[in-house]
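Here's the structure, in structure tokens; my notes come after.
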Amino acid sequence: MKNKLKFCIGFLLTVFTLNLYAQDKSEFLKATLIEDEDTLSYRILYPKNFNPAEKYPLVLFLHGAGERGGDNEKQLVHGSSLFLNQENRENFPAVVIFPQCPSSEYWAKADIVRSTEGNTFRFDYSGTPNKSLGLVMKLLDQYSQNHFIDQNRLYVGGLSMGGMGTFEILSRMPNTFAAAIAICGAGNPYSVGNYADKTDLWVFHGAKDDVVDPEYSKEMVKSLKAAGANVKFTLYPEANHNSWDPAFAEPELLTWLFSNSK
């Protein structure tokens with residue numbers, strides 16, 4: 001009888017937790033940007049007790065390759081809970097946007113060679129961006145023009161493929177962001193001069209990452225520092241590719257992010 005009672009209680013708690021999780025995710029409203037024949041799906045979270053007469057910072061977050069698709073759901077798997085946390089929403093009211101990259105696309109213009117010895121990434125930011133990142137840039141332009149957005153407090157972040165997209169969008173929009181977060185990403189170290197003295201950065205990587213070599217982040221940080229950037233670098237000794245878990249758990253992450261202003 002006791003075992004049955006424990007099972008019932010555990011089952012009900014699980015169902016309650018899952019329902020609460022679903023309700024939380026639904027607070028990210030579904031939306032789309034349509035530009036000519038192209039469509040970008042995204043989710044947007046407004047502050048609690050949103051007041052359009054006030055001004056709020058805006059956070060753009062770019063997901064990793066595993067969350068690509070067309071369901072307008074998977075991009076919320078990693079990172080959204082950080083902004084849905086009730087204490088964080090009270091302490092850091094902001095408009096938060098999670099766009100979704102199509103399965104056939106990639107945020108960054110990257111030439112990727114995959115092998116059993118490790119993946120190699122080469123970045124070329126010349127010309128126009130990939131279609132998906134171009135749409136994200138248009139979306140950001142549109143939202144930042146709203147009177148309730150504080151244009152001095154625009155932030156961008158991303159993990160893995162999204163970390164790569166973060167470095168590229170910083171290069172393409174160098175006067176836009178007050179701060180940026182790049183987790184287990186990579187980029188073109190020769191492009192950092194565009195934004196090094198304009199945007200504060202916090203870069204994260206796992207020392208045991210076997211998907212994106214931590215040397216890519218080290219190289220970006222080295223170039224950023226040489227260009228005079230205010231950049232923090234956290235290397236987790238035991239983390240593999242999912243260094244976003246300890247990064248999102250950093251107690252000062254949001255305090256640092258929202259303290260930055262143009």
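The chains in the structure tokens are called A, B, ... from first to last as shown; in each chain the residues are counted from 1, and the ligands are counted from 1 in the order shown.
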*Using the chain letters and numbers from this document, which residues of region 40-197 of chain A does DSSP assign to alpha helix (DSSP H), as number ranges by chain?*
A: 80-84, 86-91, 131-144, 161-172
*So how many Å separate CA of Leu60 (chain A) and CA of Glu37 (chain A), to one decimal?*
23.3 Å
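Counting only C-alpha atoms and comparing A:Pro174, A:Gly79, A:Pro57, A:Gly162, the residue that lies closest to Ala186 (chain A) is A:Gly162.
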*Extract, using only C-alpha atoms, all DNA, RNA and protein residues at most 10 Å from Gln151 (chain A), discarding same-chain residues fewer than 4 positions from it, and format them as a list in words.*
Lys55, Tyr56, Pro57, Leu58, Tyr143, Ser144, Gln145, Asn146, His147, Tyr155, Thr176, Phe177, Ala178, Ser261 and Lys262 of chain A
DSSP strand (DSSP E or B) residues within region 9-166 of chain A, as a PDB file with C-alpha atoms, in the first residue's frame:
```pdb
ATOM      1  CA  LEU A  29       4.441  33.593 -27.445  1.00  0.00           C
ATOM      2  CA  LYS A  30       4.655  32.124 -30.940  1.00  0.00           C
ATOM      3  CA  ALA A  31       5.252  34.510 -33.826  1.00  0.00           C
ATOM      4  CA  THR A  32       6.694  34.656 -37.335  1.00  0.00           C
ATOM      5  CA  LEU A  33       8.528  37.186 -39.441  1.00  0.00           C
ATOM      6  CA  ILE A  34       7.605  37.062 -43.138  1.00  0.00           C
ATOM      7  CA  GLU A  35       9.977  38.786 -45.522  1.00  0.00           C
ATOM      8  CA  ASP A  38      11.063  33.807 -46.471  1.00  0.00           C
ATOM      9  CA  THR A  39       9.727  33.055 -42.996  1.00  0.00           C
ATOM     10  CA  LEU A  40      11.453  33.114 -39.618  1.00  0.00           C
ATOM     11  CA  SER A  41       9.695  31.461 -36.685  1.00  0.00           C
ATOM     12  CA  TYR A  42      10.406  32.812 -33.223  1.00  0.00           C
ATOM     13  CA  ARG A  43       9.154  32.857 -29.649  1.00  0.00           C
ATOM     14  CA  ILE A  44       8.960  36.021 -27.595  1.00  0.00           C
ATOM     15  CA  LEU A  45       8.651  36.548 -23.854  1.00  0.00           C
ATOM     16  CA  TYR A  56      12.814  47.348 -21.328  1.00  0.00           C
ATOM     17  CA  PRO A  57      16.067  45.732 -22.430  1.00  0.00           C
ATOM     18  CA  LEU A  58      15.890  43.199 -25.249  1.00  0.00           C
ATOM     19  CA  VAL A  59      17.673  39.839 -25.275  1.00  0.00           C
ATOM     20  CA  LEU A  60      18.181  37.864 -28.491  1.00  0.00           C
ATOM     21  CA  PHE A  61      19.166  34.217 -27.986  1.00  0.00           C
ATOM     22  CA  LEU A  62      20.402  31.871 -30.737  1.00  0.00           C
ATOM     23  CA  VAL A  95      11.791  41.275 -23.783  1.00  0.00           C
ATOM     24  CA  VAL A  96      13.401  37.968 -24.778  1.00  0.00           C
ATOM     25  CA  ILE A  97      13.412  36.538 -28.315  1.00  0.00           C
ATOM     26  CA  PHE A  98      14.314  32.974 -29.327  1.00  0.00           C
ATOM     27  CA  PRO A  99      14.262  32.597 -33.132  1.00  0.00           C
ATOM     28  CA  GLN A 100      14.438  29.155 -34.768  1.00  0.00           C
ATOM     29  CA  ALA A 110      30.809  28.469 -41.738  1.00  0.00           C
ATOM     30  CA  ASP A 111      32.647  25.861 -43.754  1.00  0.00           C
ATOM     31  CA  ILE A 112      32.492  22.753 -41.555  1.00  0.00           C
ATOM     32  CA  VAL A 113      34.649  19.651 -41.969  1.00  0.00           C
ATOM     33  CA  THR A 120      37.037  22.023 -38.172  1.00  0.00           C
ATOM     34  CA  PHE A 121      35.305  25.380 -38.678  1.00  0.00           C
ATOM     35  CA  ARG A 122      36.241  28.156 -41.088  1.00  0.00           C
ATOM     36  CA  PHE A 123      34.299  31.419 -41.099  1.00  0.00           C
ATOM     37  CA  ILE A 149      12.653  48.907 -26.045  1.00  0.00           C
ATOM     38  CA  ASP A 150      15.710  50.526 -24.481  1.00  0.00           C
ATOM     39  CA  GLN A 151      18.091  50.763 -27.443  1.00  0.00           C
ATOM     40  CA  ASN A 152      21.028  51.215 -25.085  1.00  0.00           C
ATOM     41  CA  ARG A 153      20.399  47.772 -23.598  1.00  0.00           C
ATOM     42  CA  LEU A 154      20.271  45.276 -26.444  1.00  0.00           C
ATOM     43  CA  TYR A 155      21.919  41.913 -25.722  1.00  0.00           C
ATOM     44  CA  VAL A 156      22.711  38.800 -27.735  1.00  0.00           C
ATOM     45  CA  GLY A 157      23.744  35.302 -26.740  1.00  0.00           C
ATOM     46  CA  GLY A 158      23.909  31.802 -28.086  1.00  0.00           C
ATOM     47  CA  LEU A 159      25.281  28.314 -27.654  1.00  0.00           C
TER      48      LEU A 159
END
```
*Write out as a ChimeraX atom specification which residues come within 12 Å of region 216-228 of chain A when counting only C-alpha atoms, dropping same-chain ones fewer than 5 positions away.*
/A:119-123,159-160,163-164,167-168,171,181-207,209-211,233-235
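The spacing separating CA of Tyr236 (chain A) from CA of Gly64 (chain A) amounts to 18.9 Å.
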_So, with only C-alpha atoms as the atoms that count, which of A:Asn72, A:Asn88, A:Ser81, A:Asn175 lies closest to Pro251 (chain A)?_
A:Asn88
Exercise: Cys101 (chain A) partners within 7 Å, only C-alpha atoms, chain neighbours under 5 positions left out, as a compact mmCIF listing (two decimals) with N, CA, C and O atoms, in the first residue's frame:
```txt
# COMPACT_ATOMS: atom_id res chain seq x y z
N ARG A 68 17.42 23.08 -34.47
CA ARG A 68 16.90 23.58 -35.74
C ARG A 68 15.60 22.86 -36.12
O ARG A 68 15.34 21.75 -35.66
N GLY A 69 14.81 23.50 -36.95
CA GLY A 69 13.57 22.86 -37.41
C GLY A 69 12.53 23.88 -37.79
O GLY A 69 12.83 25.04 -38.02
N TYR A 106 22.05 27.40 -41.25
CA TYR A 106 23.03 27.54 -40.17
C TYR A 106 23.12 29.02 -39.86
O TYR A 106 23.11 29.85 -40.76
N TRP A 107 23.19 29.36 -38.57
CA TRP A 107 23.23 30.79 -38.23
C TRP A 107 24.44 31.47 -38.88
O TRP A 107 24.32 32.52 -39.49
N SER A 132 18.96 32.80 -42.73
CA SER A 132 18.38 32.77 -41.39
C SER A 132 18.91 33.90 -40.51
O SER A 132 18.14 34.55 -39.79
```
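In terms of minimum interatomic distance to Glu67 (chain A), A:Met161 ranks closest within A:Met161, A:Leu140, A:Leu257, A:Ala108, counting only C-alpha atoms.
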_Residues near Glu90 (chain A), anyone? I mean within 10 Å using only C-alpha atoms, not counting same-chain ones fewer than 5 positions away, as a PyMOL selection string._
chain A and resi 47-49+84-85
*From A:Ser80, A:Gln75, A:Ser126, A:Ser103, residue lying nearest Phe248 (chain A) [only C-alpha atoms]*: A:Ser80
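Here CA of Ala94 (chain A) is placed at a distance of 20.7 Å from CA of Trp244 (chain A).
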